[in-house]
>>> print(open('target_1.cif').read())   # mmCIF, C-alpha atoms
data_my_file
loop_
_atom_site.group_PDB
_atom_site.id
_atom_site.type_symbol
_atom_site.label_atom_id
_atom_site.label_comp_id
_atom_site.auth_asym_id
_atom_site.auth_seq_id
_atom_site.Cartn_x
_atom_site.Cartn_y
_atom_site.Cartn_z
ATOM 1 C CA MET A 1 319.217 181.098 247.302
ATOM 2 C CA ASP A 2 317.746 180.188 250.697
ATOM 3 C CA GLN A 3 315.732 177.023 251.006
ATOM 4 C CA LEU A 4 312.408 177.048 252.775
ATOM 5 C CA PRO A 5 311.950 174.582 255.614
ATOM 6 C CA PRO A 6 309.842 171.569 254.699
ATOM 7 C CA THR A 7 306.173 172.010 255.480
ATOM 8 C CA PRO A 8 303.759 169.222 256.237
ATOM 9 C CA THR A 9 301.555 168.405 253.279
ATOM 10 C CA THR A 10 297.838 168.072 253.695
ATOM 11 C CA THR A 11 295.307 166.938 251.167
ATOM 12 C CA LEU A 12 292.106 168.667 250.270
ATOM 13 C CA LEU A 13 290.040 165.777 251.673
ATOM 14 C CA GLY A 14 292.030 165.309 254.897
ATOM 15 C CA GLU A 15 293.237 161.986 256.270
ATOM 16 C CA ALA A 16 291.534 158.952 254.695
ATOM 17 C CA PRO A 17 290.061 156.155 256.824
ATOM 18 C CA PRO A 18 292.181 152.965 256.920
ATOM 19 C CA THR A 19 290.475 151.096 254.044
ATOM 20 C CA LEU A 20 287.588 151.158 251.627
ATOM 21 C CA ARG A 21 285.992 147.721 251.322
ATOM 22 C CA LEU A 22 284.125 146.599 248.215
ATOM 23 C CA ARG A 23 282.429 143.211 247.691
ATOM 24 C CA ALA A 24 282.059 141.842 244.156
ATOM 25 C CA LEU A 25 278.474 140.735 243.577
ATOM 26 C CA GLY A 26 279.016 139.474 240.050
ATOM 27 C CA GLY A 27 281.655 138.566 237.550
ATOM 28 C CA GLN A 28 284.568 136.162 237.874
ATOM 29 C CA ARG A 29 285.323 137.280 241.440
ATOM 30 C CA ALA A 30 281.783 137.236 242.858
ATOM 31 C CA GLY A 31 281.943 137.142 246.670
ATOM 32 C CA SER A 32 285.483 138.528 246.865
ATOM 33 C CA VAL A 33 286.129 141.506 249.131
ATOM 34 C CA PHE A 34 288.604 144.136 247.948
ATOM 35 C CA GLU A 35 290.318 146.449 250.424
ATOM 36 C CA LEU A 36 291.664 149.723 249.074
ATOM 37 C CA ALA A 37 293.986 151.733 251.298
ATOM 38 C CA GLU A 38 294.941 154.552 248.927
ATOM 39 C CA GLN A 39 293.345 157.983 249.128
ATOM 40 C CA LYS A 40 292.939 158.059 245.351
ATOM 41 C CA CYS A 41 291.781 154.744 243.873
ATOM 42 C CA THR A 42 291.222 153.928 240.212
ATOM 43 C CA LEU A 43 288.962 151.055 239.110
ATOM 44 C CA GLY A 44 288.982 149.402 235.705
ATOM 45 C CA ALA A 45 290.685 146.961 233.364
ATOM 46 C CA ALA A 46 293.995 148.841 232.962
ATOM 47 C CA ASP A 47 296.971 147.196 234.659
ATOM 48 C CA SER A 48 297.757 150.523 236.325
ATOM 49 C CA CYS A 49 294.386 150.692 238.163
ATOM 50 C CA THR A 50 294.377 150.424 241.936
ATOM 51 C CA LEU A 51 291.629 147.819 241.600
ATOM 52 C CA TRP A 52 292.357 145.948 238.392
ATOM 53 C CA LEU A 53 289.479 143.760 237.249
ATOM 54 C CA ASP A 54 290.129 141.330 234.417
ATOM 55 C CA GLU A 55 286.568 141.047 233.130
ATOM 56 C CA PRO A 56 285.236 141.030 229.569
ATOM 57 C CA ASP A 57 283.991 144.371 228.219
ATOM 58 C CA LEU A 58 285.465 146.523 231.017
ATOM 59 C CA SER A 59 286.875 149.922 230.133
ATOM 60 C CA PRO A 60 290.482 150.681 231.031
ATOM 61 C CA LEU A 61 289.250 153.252 233.584
ATOM 62 C CA HIS A 62 285.698 153.209 234.941
ATOM 63 C CA CYS A 63 285.929 155.561 237.898
ATOM 64 C CA VAL A 64 288.165 157.327 240.381
ATOM 65 C CA ILE A 65 287.435 157.169 244.116
ATOM 66 C CA LEU A 66 288.746 159.912 246.410
ATOM 67 C CA ARG A 67 288.688 159.049 250.110
ATOM 68 C CA GLY A 68 288.817 161.652 252.855
ATOM 69 C CA GLU A 69 288.167 162.212 256.547
ATOM 70 C CA VAL A 70 284.484 162.979 256.189
ATOM 71 C CA HIS A 71 283.422 161.756 252.740
ATOM 72 C CA THR A 72 284.330 159.339 250.004
ATOM 73 C CA LEU A 73 283.678 160.655 246.497
ATOM 74 C CA VAL A 74 283.452 158.767 243.230
ATOM 75 C CA ARG A 75 283.921 160.318 239.778
ATOM 76 C CA CYS A 76 282.662 158.502 236.695
ATOM 77 C CA TRP A 77 285.051 158.057 233.737
ATOM 78 C CA SER A 78 283.070 155.594 231.607
ATOM 79 C CA PRO A 79 279.518 155.640 230.235
ATOM 80 C CA THR A 80 279.098 152.015 231.387
ATOM 81 C CA THR A 81 279.570 152.966 235.058
ATOM 82 C CA SER A 82 276.574 153.556 237.330
ATOM 83 C CA LEU A 83 275.841 154.105 241.012
ATOM 84 C CA ASN A 84 272.769 152.422 242.493
ATOM 85 C CA GLY A 85 271.493 151.794 238.966
ATOM 86 C CA SER A 86 271.765 155.405 237.771
ATOM 87 C CA PRO A 87 274.367 157.240 235.702
ATOM 88 C CA PHE A 88 276.369 159.909 237.539
ATOM 89 C CA ASP A 89 279.247 162.350 237.131
ATOM 90 C CA ASP A 90 280.377 162.859 240.748
ATOM 91 C CA ALA A 91 278.707 161.404 243.843
ATOM 92 C CA LEU A 92 279.234 160.594 247.510
ATOM 93 C CA LEU A 93 279.967 156.913 248.070
ATOM 94 C CA GLN A 94 278.419 155.357 251.171
ATOM 95 C CA PRO A 95 278.060 151.889 252.726
ATOM 96 C CA GLY A 96 275.353 149.920 250.933
ATOM 97 C CA ASP A 97 275.861 151.694 247.605
ATOM 98 C CA ARG A 98 276.195 149.558 244.480
ATOM 99 C CA LEU A 99 278.841 150.656 241.992
ATOM 100 C CA THR A 100 278.478 148.971 238.602
ATOM 101 C CA LEU A 101 281.401 148.806 236.185
ATOM 102 C CA GLY A 102 280.156 147.273 232.949
ATOM 103 C CA ARG A 103 278.756 143.913 234.085
ATOM 104 C CA VAL A 104 280.598 143.907 237.427
ATOM 105 C CA GLU A 105 278.670 145.112 240.477
ATOM 106 C CA LEU A 106 280.538 146.144 243.632
ATOM 107 C CA GLU A 107 278.861 146.744 246.986
ATOM 108 C CA VAL A 108 280.390 149.332 249.321
ATOM 109 C CA LEU A 109 280.775 147.680 252.720
ATOM 110 C CA ASP A 110 280.448 149.329 256.102
ATOM 111 C CA PRO A 111 283.950 150.146 257.407
ATOM 112 C CA VAL A 112 283.135 148.665 260.828
ATOM 113 C CA GLU A 113 282.522 145.195 259.350
ATOM 114 C CA GLN A 114 285.558 143.049 259.987
ATOM 115 C CA ALA A 115 287.484 141.632 257.061
ATOM 116 C CA PRO A 116 288.682 138.032 257.213
ATOM 117 C CA VAL A 117 291.971 137.825 259.075
ATOM 118 C CA GLY A 118 294.972 135.678 258.402
ATOM 119 C CA PRO A 119 297.002 135.022 255.312
ATOM 120 C CA GLY A 120 293.990 134.976 252.952
ATOM 121 C CA GLU A 121 294.812 138.090 251.019
ATOM 122 C CA HIS A 122 295.885 138.443 247.444
ATOM 123 C CA HIS A 123 297.254 141.552 245.759
ATOM 124 C CA THR A 124 295.088 142.318 242.754
ATOM 125 C CA GLY A 125 296.786 145.364 241.288
ATOM 126 C CA PRO A 126 300.168 147.015 241.120
ATOM 127 C CA SER A 127 299.030 149.769 243.481
ATOM 128 C CA GLY A 128 298.447 147.498 246.452
ATOM 129 C CA SER A 129 294.761 146.669 246.565
ATOM 130 C CA ARG A 130 294.179 143.334 248.164
ATOM 131 C CA GLU A 131 291.525 140.694 247.836
ATOM 132 C CA THR A 132 290.429 138.451 250.678
ATOM 133 C CA ASP A 133 288.558 135.210 250.403
ATOM 134 C CA GLY A 134 286.066 134.055 253.007
ATOM 135 C CA ASP A 135 288.257 131.169 254.191
ATOM 136 C CA SER A 136 291.311 133.303 255.044
ATOM 137 C CA LEU A 137 293.611 131.093 252.986
ATOM 138 C CA PRO A 138 295.665 132.082 249.958
ATOM 139 C CA PHE A 139 293.776 131.250 246.768
ATOM 140 C CA GLY A 140 294.352 127.680 245.640
ATOM 141 C CA GLN A 141 295.800 126.532 248.972
ATOM 142 C CA ASP A 142 294.153 123.584 250.726
ATOM 143 C CA PRO A 143 293.339 123.868 254.444
ATOM 144 C CA PRO A 144 295.517 121.925 256.899
ATOM 145 C CA ALA A 145 294.373 118.334 257.527
ATOM 146 C CA ASP A 146 293.483 119.045 261.183
ATOM 147 C CA ARG A 147 291.077 121.855 260.278
#
>>> encode(input="target_1.cif", output="C-alpha cells")
Amino acid sequence: MDQLPPTPTTTLLGEAPPTLRLRALGGQRAGSVFELAEQKCTLGAADSCTLWLDEPDLSPLHCVILRGEVHTLVRCWSPTTSLNGSPFDDALLQPGDRLTLGRVELEVLDPVEQAPVGPGEHHTGPSGSRETDGDSLPFGQDPPADR
C-alpha cells in the first residue's frame, strides 16, 4: 500500500498569537499574571488543566479557551463560571474581559502589554502555563543585596 506524503496540518482557528495573559484579581494568587501559550487552554482545579488553580470550591474544569489568529473563544464547562458578570455558553474573549471561576476573577490583559522579564516565572501546571510576579524574581527568592 502506498503512503501519502505528509501534509502540513492547520487548525480551524489558524495560528494562535504568542501568549494569552490573564491577571488574577482575587484568590490566593491575586496580582499574579499567567501566560498561556497553548492554542487550547483548560482552566480549573484539575492537575491536568493548562492553568491549574488550587483554590477552595473550584470545579475540576471551569472553561476551555481556544486561541486563534483572529479571535479567542471561551467555552463554559461549569455553572460557577461567568464572563463579565454574566453566565455564558460560548463567547469571544477580549482584553479587559473578566472571567470568573468560582471565587477567582481573572482579567484578560492586552497582548501588547509587556510581561515582567527575567527569571521571575513559575510553571503553574503540567501543560506549561507560567506565572510571573511583579518583581521578576522566582517566588520566595530574596533580591540581591545591591538592588
>>> resolve_selection(input="target_1.cif", expression="the PyMOL selection byres ((chain A and resi 74) around 8)", output="list of chain:residue names")
A:Cys63, A:Val64, A:Ile65, A:Leu66, A:Thr72, A:Leu73, A:Arg75, A:Cys76, A:Asp90, A:Ala91, A:Leu92, A:Leu93
>>> write_last_selection(input="target_1.cif", atoms="C-alpha atoms", output="mmCIF file, in the coordinates of the input")
data_model
loop_
_atom_site.group_PDB
_atom_site.id
_atom_site.type_symbol
_atom_site.label_atom_id
_atom_site.label_comp_id
_atom_site.auth_asym_id
_atom_site.auth_seq_id
_atom_site.Cartn_x
_atom_site.Cartn_y
_atom_site.Cartn_z
ATOM 1 C CA CYS A 63 285.929 155.561 237.898
ATOM 2 C CA VAL A 64 288.165 157.327 240.381
ATOM 3 C CA ILE A 65 287.435 157.169 244.116
ATOM 4 C CA LEU A 66 288.746 159.912 246.410
ATOM 5 C CA THR A 72 284.330 159.339 250.004
ATOM 6 C CA LEU A 73 283.678 160.655 246.497
ATOM 7 C CA ARG A 75 283.921 160.318 239.778
ATOM 8 C CA CYS A 76 282.662 158.502 236.695
ATOM 9 C CA ASP A 90 280.377 162.859 240.748
ATOM 10 C CA ALA A 91 278.707 161.404 243.843
ATOM 11 C CA LEU A 92 279.234 160.594 247.510
ATOM 12 C CA LEU A 93 279.967 156.913 248.070
#
>>> closest_residue(input="target_1.cif", among="A:Thr42, A:Thr19, A:Asn84, A:Gln28", to="Val104 of chain A", atoms="only C-alpha atoms")
A:Gln28
>>> closest_residue(input="target_1.cif", among="A:Gly14, A:Leu51, A:Arg23, A:Val33", to="Asp97 of chain A", atoms="all atoms listed in the file")
A:Arg23
>>> closest_residue(input="target_1.cif", among="A:Leu61, A:Gly85, A:Asp47, A:Leu20", to="Phe34 of chain A", atoms="all atoms listed in the file")
A:Leu20
>>> closest_residue(input="target_1.cif", among="A:Gly102, A:Gly68, A:Pro56, A:Gly27", to="Lys40 of chain A", atoms="all atoms listed in the file")
A:Gly68
>>> atom_distance(input="target_1.cif", atom1="atom CA of Glu105 of chain A", atom2="atom CA of Pro17 of chain A")
22.8 Å
>>> closest_residue(input="target_1.cif", among="A:Ala24, A:Val108, A:Ala37, A:Leu101", to="Asp57 of chain A", atoms="only C-alpha atoms")
A:Leu101
>>> closest_residue(input="target_1.cif", among="A:Glu15, A:Val70, A:Phe88, A:Glu35", to="Leu106 of chain A", atoms="only C-alpha atoms")
A:Glu35
